[in-house]
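Working notes for the structure below.
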Amino acid sequence: MSDPVLSVNELTVSFGTRRGRAKVVNNFSYDVGEAETLAIVGESGSGKSVSSLALLQLLPTPPARVEGRALFRGADLISMTKSEIRGVRGNRVAMIFQDPMTSLNPVRTIGFQLMEPLKIHMGMSDTAARARAIELLDTVGIPSPGGRVDDYPHQFSGGMRQRVMIAMGISCSPDLLIADEATTALDVTTQAQILDEIRRLQEEMGLAVIWITHDLGVVAGIADRVVVLYGGSMMEESVIDQIFDERRHPYTRALLESVPVSGGDRPHRLKAIQGLPPDPTRLPPGCPFAPRCRHAVERCSNDAPRLRAPAEGHRVACHLDPADFHD
Amino acid sequence: MTAYVLRRLFQMALALLGVSIIVFSLIHLVPGDPVRVALGTRFDPDVHAALTKRAGLDRPILVQYFSWLGDAVRGDLGVSFRSGQPVADLLFERLPATITLAVAALFVALLVSVPLGILSAVRSGSKLDYGATAASQVAVSVPDFWAGIMYILLFSLSLRWLPPSGYVSFSDDPVEWLKHLTLPALTIGLISGSILFRFIRSAVLEALHQPYTRTARAKGLTERQVIWSHVMPNAWIPIVTVVGLQLGFLLSGVIVVEVIFAWPGLGRLALLSVQDRDFTVLQGAVLLIAFVFLSVNLIVDLLYGYLDPRVRQK
Amino acid sequence: SGDDGIDVSDAPADDTGDDDTSDDATGDDDSGDSRSGGVLLAAQGAEPDRLDPHLTSAFASFQVLENVYDTLVQPGADLSMEGALAESWEVSADNLTWTFTMRDGVTWHNGRAFTAADVEYSYNRILDPEAGAANAWRFGSVESVSAVDDTTLEIKVSRPTPNLLVSIGAFKGMAIVPREIVEDGTIDTQPVGTGPFKFVSSSPDQGIVLERNDDYWRADEGLPYLDGVTFTQIPDQTVKLTNLQTGEVDWVDTVPPQQLAGLEGDDSLVVMRVPGGDYHYFALNQNRPPFDNVLVRQAIATAINRGEIAEAAQFGAATANQAAIPAGTFWTYDYSPFPAADTDAAAALLDEAGVTDLTIEFLVSSEFPETVTQAEVIAAQLDAIGVAVEIRDVDFGTWLDVQGSGEFDAFMLSWIGNIDPDDFYYAQHHSDGGFNFQGYNNPDVDELLDAARVETDESARKALYEEAATAIIDDASYIYLYNPENINAWGANVQGYVVRGDNAVRFEETWLDG
Amino acid sequence: MTETLLDVRDLRVHFPIYSTGIRRKEVARVQAVDGVSLSIGAGETVGLVGESGCGKTTTGLAILRLVEPTDGSVSFDGDEVGNLSKGELRKLRKRAAMIFQDPFASLDPRMSIGDSISEPLLIHKLFPDRNDRIDRTCQLLEKVGLSPNYRDRFPHEFSGGQRQRVGIARALATEPDFVVCDEPIAALDVSIQAQVMNLLEDLQDELGLTYLFIAHDLSAVQHLSDRVAVMYLGRIAEVADRSQFSAGLKHPYAESLLSAVPIPDPHLERTRERILLEGDVASPLDPPPGCRFHTRCPYATERCSNEEPSLRDLGGGHQVACHLYD
Amino acid sequence: MTATSSRDDHYAGEPIAEHRSRLRATVDTILLNRLAVTGLIILLLLVIAAAIGPLVAPYGINEISIPDRLQGPSASHWFGTDDLGRDLFSRVIIGSRVSLMVGFIAVGIALLIGVPIGLASGFYGGAVDSWLMRLMDILFALPAILLAIAVLAVLGPGIGNAMIAIGIVYTPIFARITRGSVLTIKESVFVSAARSLGATDIRILRTHILPNVVAPITVQTSLSLAFAILAEAALSFLGLGVQPPDPAWGRMLAEGRGFFEQAPWMAIFPGLAIVITVMAFNFVGDGLRDALDPQQRSVIESRGQG
Ligand SMILES: Nc1ncnc2c1ncn2[C@@H]1O[C@H](COP(=O)(O)OP(=O)(O)OP(=O)(O)O)[C@@H](O)[C@H]1O
Ligand SMILES: Nc1ncnc2c1ncn2[C@@H]1O[C@H](COP(=O)(O)OP(=O)(O)OP(=O)(O)O)[C@@H](O)[C@H]1O
Ligand SMILES: [Mg+2]
Ligand SMILES: [Mg+2]
């Protein structure tokens, strides 16, 4: 992959808590290329949101500490000054948040919120920004956008609000869009529409996308590559087909097996992953997944596995080989 | 909307009726006889009887109440027993002073509490935050009369910056008006500001932790823009309620300050009328204060609709 | 009424000190020519209620009206009665007809000429209970008032009334008012008098504005000197004084006594204290046991330390006294039967009365804060003889109510502005007296007071009053405490103002320097 | 089918909408549920699916009379729920429980989970002795796979899946016969979804529970349910049993819903056909006349916009409300 | 599932911890909060001072000595003397009795009446709400002092009734604040959840809604406390509260105002007493609020573990 849009290197995020430092993201590294979609999956609390918020310096920095580098077009986002990062935010890197219901300001019109980045980053006049806002609403498929720019968020349905968030994300034609569980709150029909929308924009604008989710079905539909995160550490990374076909890491496997598949008779008892995710203030010395891993051996709980590359474009952090799995 | 306002006005009329009943009950409940007070030491049973009869105070209380109510509905609030002047005249010549003071005090309160509240919330846990919080606690524990005298001794007597008391109407001399207004407004404004401070701080803190604030930051807004165009518009909503209540508190809480600063307002008039058992005036003054208070509440509720589009709809 | 100028009663009268202003602290009236000009800003502690002199009872109203209205006669600097609207008067040989001759050339502020008919109208208004004036008792012996012609007024009395002049002259509630403003109802809002100042306006923000009456009947003397007087109302004592200190006002009606010592060294101000006719006292309810027992009352009168009380409440601006009338007047009677703060003697008296475990509920009012202070001091003093004091501090409206209903053990107050001894004793101690709420009933005293009322010979009259006073004091009908001084303060630029013994506030001979 | 435990007939729930939120004046009515009929046999699991806002939760709440139905009847084990007195209703709630949609909101944040779980015991005076109650709480916690030592912890100390387990334990405390499971897994991530679904299955096997299982995730519903009912805008569009479901749903809305479910397999996901719905989403405030789906239905005819289709049986209990199947 | 399994039947071999009640947990947490403990200690000292005041006070409350009047603080008079030469330290100590009683009881009354009214009004809505809130409007619209006078006029003067009067004056504020919070809380799913379990309205109000509206009530309580202590002074002036020479802080402050220039300590010390009480109460109130919020509680507990 030549010249990635974003290259994250050894990103580590910790929070100072009363119970000690919680390491929430550990040495996380990945690249995203032009027009590529990278999916980050992992269960709740695995550090997906935190790792992306850290990129835009959106974490509250007294409790949070961010280390590592994130080169965006060659410039390190992590070490940028306040005003530099403001120039990037919403402009070249945009973010769509997990919850569209609360991520829009309830007392500002949709138009106001859409126009803000346009005016700040593109220096547009009010009228120009407004025209562009209407255009953007149209792009994301809001019917009769001219009549709705002056509406307030509560007058929009959940699906429409999510589209507004997307419109806001793409308004300044960013190079990179980070979508954090952008569709989790929506029902399947609306979700399907939004996924189509994103794919279309990506084709049209060459946008790089980081898509954060725990829904593997969505991943299957949208991603080019997948990163699996567990307990703040990367477990596996590969192109989409490989993950589903060759799932090397026991965690990835467990994740995929726990999903009920539609169609067919009530076939099997679901394979749930037993146990709980690790406490980020007391991370086990070895592999974070070891306590819950069906295949774990002695070594797993003492020795943190390093990332290996069993195949081109496929990295995995596990001491074991799929051949050793006994199921 | 119109229907809503009408409905509220009707409810307001009911509340005023309730207020009038309570105040009227004072006549029978409070010891002290207006005629006796008016006569002072010149007690003479014949004159007492004559004056009581003339004022209609010898009639049964219900008769008195309904005749008062009948007149009041027609806009006649009666005549002051104490001064022999129409109550409405007395009230309206004093209303501007009270409103001026209440509004100025609110202005001071907002001037202090809004920036401090916001700053404390934005830098919560900082020295500034602790300092402001402690100061607000001290300010509410210091009684208004005490603070008032202190300001007078400091700013008038020692520094000679401001006149110690009195009222000059704005139309007579704007500069003097402001000079006379400053100390009394400061006295209650700071107390009320301390209360507001606490509410503003928590409202801002609340809004700061909402996801839309993060969205605003993610758009590349400066911190200032985030606060003013996203945090505050939300924070105002709860603040407005408290401000409305504070204005009510100011309207009825100015009595002591009006006395200290020889401020010719309704509060002082109400106090005098209690002392002299001048019930028609008391009745009128309390009704007027209640009316302003309830109107402010109504305005606050309407303002809510303006500030919060979720309430505004339809 | 004012904070230390206890409102009770018949406030002042007025003056005519035409012997000029030289005799006082304001001093230096060296140049007669500069005595004019200026508008004096006067601050009062209380708010005038209404401006009808016949109806108001507020001291604050009289402070204003004193300068607007005239009475037929008025007290001079020595408080003896001098002519005002009446130039002269005669009493018939049987002492039952008084004939007054009106002063010539007096006009009302509205331009109409003043006549005896105005006096007739005013006095009849006072006599009519329906009018609500409540001053009719001062005319207890008056049978008729009639204007014989424009300049002659005749008052017929049922019995000799040696204090008639004081009754009509010592108190502005007996002012002469013009019929027209009563009939058109403007008397409360736009008073019209014959006095040195004309009423201009009254409003809550500007106060009460008076302007010079160019046609004042003493205009030939150049009076009044001032162009006008404006009264403002500043209820708080400290603030009122601050206004004087910062020059916002020129004159204040009272000074907090604790400030006196500090102010007397300040030469930007003049503080003037004059012994007045006022007295502070308390009375025990003789309708309630054990206060019906004279021994108990005497015990209490013996136990208290009047000097300490006066010092505590007035910070030295008072003279302890066991009698009512202060030293230095014709009527002064120095009688001090009780040993001061003699707890042993007091305890012995209580023993004799067979009273133990005595608790006295003291009715006081914060409206007159010194009554509260005095009660606290008395409570401490009586503690020494095992008498407990429960202070009941109520607002004055309630105070009057409780006093009227007799539901008290003791009340404490003061009387101000009295001149004639009848004013000191009759209403308070005669069994028919209008103010005898303590229930004093001594037929001997009644007889003496009745006799004194009609005694026209001054020294005989004085003797009668002294005899009555002896009984009143011995019986402890009132337990007298002290005579406070009348205090006013003004800026150094105020000239010619005199603090009067009767507490009347008169600006006719005052002027401002510079 | 076994004996009917629950029978819902023509249930309607309309919510009045008031003006300005401060003073009440009805300006509109949300027809959240508008004529739902459904029966559930003892020991059966019936799935209820449909897009967000179609009235699933409201149906569940109305069955337990947690909202007052506007119209219709609900009979539980032969008793008409609408006629129960307050006291009888409380007894019903011992037998019929609910697991709430949102595990974060349905637990009182200021109550320890032990207290939350023992609350129904207290209410129904089941274990009067405090120690017995604690024992029972521990037992319930174990049953749902949580350590009894978590008793004194508070909801914020738990993950979503754990909270959902607490919710389940609470619902099971009184040993009910019937449980409304309102999207018990929607808020959870995959690995935990599986835990909860397994748990529900185990409990059903063990205790013979009857479930009304509400979800919008069709694959999960299908996994658990004996029969599935598809709702659209306050109405039942289709009812099918497991085998009929597998054979294919008939109602155009059900079809499109199925087609939108993402499949966790990139190959299938890439190749499958999706039926994209066009047109305006109708609002329950102002539902369209005729078939409620006609505004978005690719097969809509004139008749659909005028005439309201009723549920008709396609045989074997497979019911569809669509004019296409006349 | 049977009800017979015993507690030994423990889970995964972990020993079963003792059950800790809600009250216990709350108290434990307050005790871990340093400011709250400071506040508690101060309040405790004040209460002790109030209780044994006459024993520790070096002078009597009405021990007048005119020659010693208006003395500044000194070894013999720690807080100086007032205009009658009375020892201010003794008066402040003994004054705590009335002031604390007025503060706590009056605010307690306001809480006891206002909070249930707010709860009922917010919870039931509709006509109940309309009527209760109109009633509160009436009380609220009356100037506080006049309302207090009216109440005292009915009940008769006296310190006990003054507390009731002040309590009634503050009732509508508590009612409103409570109602506002209840309106949001009652929509919570956990309230429906409780109802689904068969909980009665009373139970829901008591165990679910009330603990969740504590925070705003706490803030208002500490504000009202200060005002109540001061309001007592205003009422005393009308002869309706504590009577002289019994000291109360508010009244002492008021008396001190005439002597501000000669003897500032007359006002400063009672003023300080009020400030300290209110602050101490604030500390405790904030601690209580945190302790009732389990999220905050775990933060505090973890801090306690170091
Ligand atoms: N401000 C904070 N202080 C302390 N810990 C935090 C903070 N914010 C997040 N964390 C912790 O960081 C970890 C990762 O959180 P994150 O929000 O990234 O999870 P996620 O993978 O996005 O989960 P979800 O799927 O639920 O969104 C969690 O354990 C969370 O508790
Ligand atoms: N208390 C209420 N007042 C007014 N409208 C309501 C109320 N409760 C629900 N609604 C409305 O009724 C409709 C159905 O809501 P319901 O919660 O039953 O949907 P649902 O199918 O459970 O949706 P979801 O999948 O999002 O949970 C929605 O339009 C909702 O907005
Ligand atoms: Mg996240
Ligand atoms: Mg739902």
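By order of appearance in the structure tokens: chains A, B, ..., then residues from 1 within every chain, and ligands from 1 in the order shown.
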If you count only C-alpha atoms and all ligand atoms, which residues end up within 7 Å of ligand 1, as a PyMOL selection string? chain A and resi 15-17+22+24+42-51+60+63-64+213-214+280
Using all heavy atoms, can you export the residues from the last selection as a compact mmCIF listing (two decimals), in the first residue's frame?
# COMPACT_ATOMS: atom_id res chain seq x y z
N PHE A 15 -5.97 6.12 31.04
CA PHE A 15 -6.72 7.08 31.86
C PHE A 15 -6.24 6.99 33.29
O PHE A 15 -6.06 5.89 33.81
CB PHE A 15 -8.22 6.75 31.85
CG PHE A 15 -8.89 7.10 30.57
CD1 PHE A 15 -9.11 6.12 29.60
CD2 PHE A 15 -9.30 8.39 30.30
CE1 PHE A 15 -9.74 6.44 28.41
CE2 PHE A 15 -9.93 8.70 29.12
CZ PHE A 15 -10.15 7.73 28.16
N GLY A 16 -6.07 8.14 33.90
CA GLY A 16 -5.77 8.11 35.32
C GLY A 16 -7.09 7.91 36.06
O GLY A 16 -8.00 8.71 35.92
N THR A 17 -7.20 6.84 36.79
CA THR A 17 -8.41 6.65 37.58
C THR A 17 -8.00 6.52 39.03
O THR A 17 -6.82 6.44 39.36
CB THR A 17 -9.18 5.37 37.18
OG1 THR A 17 -8.42 4.24 37.61
CG2 THR A 17 -9.40 5.29 35.69
N ALA A 22 -5.52 3.23 33.94
CA ALA A 22 -6.20 2.23 33.13
C ALA A 22 -5.65 2.32 31.72
O ALA A 22 -5.82 3.34 31.06
CB ALA A 22 -7.70 2.49 33.15
N VAL A 24 -6.08 1.60 28.22
CA VAL A 24 -7.28 1.29 27.47
C VAL A 24 -6.96 0.95 26.01
O VAL A 24 -7.66 0.18 25.38
CB VAL A 24 -8.24 2.49 27.60
CG1 VAL A 24 -9.34 2.43 26.60
CG2 VAL A 24 -8.81 2.56 28.99
N GLY A 42 -14.67 -5.22 17.75
CA GLY A 42 -14.28 -5.64 19.09
C GLY A 42 -15.45 -5.41 20.00
O GLY A 42 -16.34 -4.61 19.69
N GLU A 43 -15.45 -6.10 21.13
CA GLU A 43 -16.63 -5.95 21.96
C GLU A 43 -16.62 -4.62 22.71
O GLU A 43 -15.62 -3.89 22.69
CB GLU A 43 -16.80 -7.14 22.89
CG GLU A 43 -15.73 -7.25 23.95
CD GLU A 43 -15.87 -8.56 24.73
OE1 GLU A 43 -16.65 -9.43 24.32
OE2 GLU A 43 -15.16 -8.70 25.73
N SER A 44 -17.71 -4.38 23.34
CA SER A 44 -17.88 -3.13 24.07
C SER A 44 -16.74 -2.92 25.06
O SER A 44 -16.37 -3.83 25.78
CB SER A 44 -19.22 -3.19 24.80
OG SER A 44 -19.50 -1.96 25.36
N GLY A 45 -16.19 -1.75 25.07
CA GLY A 45 -15.12 -1.45 26.02
C GLY A 45 -13.74 -1.85 25.55
O GLY A 45 -12.76 -1.70 26.28
N SER A 46 -13.63 -2.33 24.31
CA SER A 46 -12.32 -2.79 23.88
C SER A 46 -11.42 -1.63 23.45
O SER A 46 -10.26 -1.84 23.12
CB SER A 46 -12.48 -3.79 22.73
OG SER A 46 -13.22 -3.21 21.70
N GLY A 47 -11.93 -0.41 23.43
CA GLY A 47 -11.08 0.73 23.13
C GLY A 47 -11.26 1.30 21.74
O GLY A 47 -10.47 2.12 21.29
N LYS A 48 -12.32 0.90 21.07
CA LYS A 48 -12.53 1.36 19.71
C LYS A 48 -12.75 2.87 19.66
O LYS A 48 -12.07 3.58 18.91
CB LYS A 48 -13.76 0.65 19.10
CG LYS A 48 -13.67 -0.86 19.14
CD LYS A 48 -14.86 -1.55 18.48
CE LYS A 48 -16.20 -1.29 19.14
NZ LYS A 48 -16.37 -1.90 20.45
N SER A 49 -13.68 3.34 20.46
CA SER A 49 -13.97 4.77 20.42
C SER A 49 -12.79 5.58 20.93
O SER A 49 -12.42 6.59 20.34
CB SER A 49 -15.19 5.09 21.29
OG SER A 49 -16.30 4.39 20.83
N VAL A 50 -12.22 5.15 22.03
CA VAL A 50 -11.11 5.90 22.61
C VAL A 50 -9.96 6.04 21.63
O VAL A 50 -9.39 7.12 21.46
CB VAL A 50 -10.66 5.23 23.93
CG1 VAL A 50 -9.31 5.77 24.36
CG2 VAL A 50 -11.69 5.44 25.00
N SER A 51 -9.66 4.97 20.91
CA SER A 51 -8.52 5.05 20.00
C SER A 51 -8.78 6.04 18.88
O SER A 51 -7.87 6.69 18.39
CB SER A 51 -8.17 3.67 19.46
OG SER A 51 -9.25 3.18 18.69
N PRO A 60 -10.55 14.10 26.96
CA PRO A 60 -10.20 15.07 28.00
C PRO A 60 -8.82 14.74 28.54
O PRO A 60 -8.61 13.64 29.08
CB PRO A 60 -11.28 14.86 29.06
CG PRO A 60 -11.81 13.48 28.82
CD PRO A 60 -11.62 13.20 27.37
N PRO A 63 -7.56 13.42 32.54
CA PRO A 63 -7.53 11.99 32.88
C PRO A 63 -6.83 11.14 31.82
O PRO A 63 -6.19 10.16 32.16
CB PRO A 63 -9.01 11.62 33.01
CG PRO A 63 -9.77 12.65 32.29
CD PRO A 63 -8.92 13.88 32.29
N ALA A 64 -6.94 11.55 30.56
CA ALA A 64 -6.39 10.69 29.51
C ALA A 64 -4.94 11.05 29.22
O ALA A 64 -4.54 12.20 29.34
CB ALA A 64 -7.21 10.83 28.24
N THR A 213 -17.33 -0.67 14.66
CA THR A 213 -18.60 -1.34 14.93
C THR A 213 -18.34 -2.62 15.68
O THR A 213 -17.21 -3.08 15.80
CB THR A 213 -19.31 -1.67 13.60
OG1 THR A 213 -20.58 -2.25 13.90
CG2 THR A 213 -18.52 -2.65 12.76
N HIS A 214 -19.39 -3.19 16.24
CA HIS A 214 -19.24 -4.55 16.72
C HIS A 214 -20.16 -5.48 15.95
O HIS A 214 -20.29 -6.64 16.29
CB HIS A 214 -19.43 -4.65 18.25
CG HIS A 214 -20.76 -4.18 18.73
ND1 HIS A 214 -20.88 -3.15 19.62
CD2 HIS A 214 -22.01 -4.60 18.45
CE1 HIS A 214 -22.17 -2.96 19.87
NE2 HIS A 214 -22.87 -3.81 19.17
N PRO A 280 -9.19 -2.79 32.70
CA PRO A 280 -8.05 -2.07 32.11
C PRO A 280 -7.04 -1.55 33.14
O PRO A 280 -5.92 -1.18 32.77
CB PRO A 280 -8.70 -0.92 31.35
CG PRO A 280 -10.09 -0.82 31.87
CD PRO A 280 -10.46 -2.15 32.40
Exercise answer, chain A residues close to chain B, 9 Å and only C-alpha atoms, as an MDAnalysis selection string: chainID A and resid 56:58 82:83 85:91 93:97 99 102:109 113 116:117 120:121 152:155 168:169
#### Entry: Polymer residues at most 9 Å from range 265-270 of chain C, only C-alpha atoms, same-chain spacing of 2 or more positions, as a PyMOL selection string
chain C and resi 25-26+244-245+261-263+272+488-494
So which residues are near ligand 2, meaning at most 6 Å away with only C-alpha atoms and all ligand atoms counted, given back as a PDB file with N, CA and C atoms, in the first residue's frame?
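Produced file part.pdb, reproduced below:
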ATOM      1  N   PHE D  15     -51.318   7.213  22.055  1.00  0.00           N
ATOM      2  CA  PHE D  15     -50.782   8.188  23.017  1.00  0.00           C
ATOM      3  C   PHE D  15     -51.188   9.583  22.615  1.00  0.00           C
ATOM      4  N   VAL D  30     -50.601   9.548  18.901  1.00  0.00           N
ATOM      5  CA  VAL D  30     -49.714   8.578  18.270  1.00  0.00           C
ATOM      6  C   VAL D  30     -50.416   7.243  18.313  1.00  0.00           C
ATOM      7  N   ALA D  32     -49.690   4.149  18.395  1.00  0.00           N
ATOM      8  CA  ALA D  32     -48.519   3.291  18.547  1.00  0.00           C
ATOM      9  C   ALA D  32     -48.868   1.843  18.270  1.00  0.00           C
ATOM     10  N   GLU D  51     -39.585  -2.602  12.498  1.00  0.00           N
ATOM     11  CA  GLU D  51     -38.587  -1.553  12.620  1.00  0.00           C
ATOM     12  C   GLU D  51     -38.847  -0.686  13.839  1.00  0.00           C
ATOM     13  N   SER D  52     -37.862   0.109  14.114  1.00  0.00           N
ATOM     14  CA  SER D  52     -37.927   0.971  15.285  1.00  0.00           C
ATOM     15  C   SER D  52     -39.194   1.818  15.266  1.00  0.00           C
ATOM     16  N   GLY D  53     -39.879   1.855  16.374  1.00  0.00           N
ATOM     17  CA  GLY D  53     -41.047   2.725  16.470  1.00  0.00           C
ATOM     18  C   GLY D  53     -42.325   2.118  15.951  1.00  0.00           C
ATOM     19  N   CYS D  54     -42.314   0.831  15.605  1.00  0.00           N
ATOM     20  CA  CYS D  54     -43.538   0.271  15.043  1.00  0.00           C
ATOM     21  C   CYS D  54     -44.512  -0.152  16.127  1.00  0.00           C
ATOM     22  N   GLY D  55     -44.100  -0.099  17.379  1.00  0.00           N
ATOM     23  CA  GLY D  55     -45.057  -0.390  18.446  1.00  0.00           C
ATOM     24  C   GLY D  55     -44.787  -1.684  19.182  1.00  0.00           C
ATOM     25  N   LYS D  56     -43.615  -2.234  19.046  1.00  0.00           N
ATOM     26  CA  LYS D  56     -43.319  -3.509  19.695  1.00  0.00           C
ATOM     27  C   LYS D  56     -43.313  -3.369  21.210  1.00  0.00           C
ATOM     28  N   THR D  57     -42.540  -2.405  21.681  1.00  0.00           N
ATOM     29  CA  THR D  57     -42.450  -2.214  23.125  1.00  0.00           C
ATOM     30  C   THR D  57     -43.815  -1.886  23.695  1.00  0.00           C
ATOM     31  N   THR D  58     -44.520  -1.022  22.996  1.00  0.00           N
ATOM     32  CA  THR D  58     -45.830  -0.620  23.486  1.00  0.00           C
ATOM     33  C   THR D  58     -46.753  -1.829  23.592  1.00  0.00           C
ATOM     34  N   PRO D 284     -46.691   7.327  12.770  1.00  0.00           N
ATOM     35  CA  PRO D 284     -47.815   6.808  13.564  1.00  0.00           C
ATOM     36  C   PRO D 284     -48.751   7.922  14.017  1.00  0.00           C
TER      37      PRO D 284
END
Requested in this report: Go ahead and compute the interatomic distance for CA of Ser192 in chain E and CA of Asn149 in chain D, in Å to one decimal.
Outcome: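 Straight-line distance from CA of Ser192 in chain E to CA of Asn149 in chain D works out to 26.8 Å.
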Pairwise distance, CA of Gly397 in chain C with CA of Glu232 in chain E, equals 19.9 Å
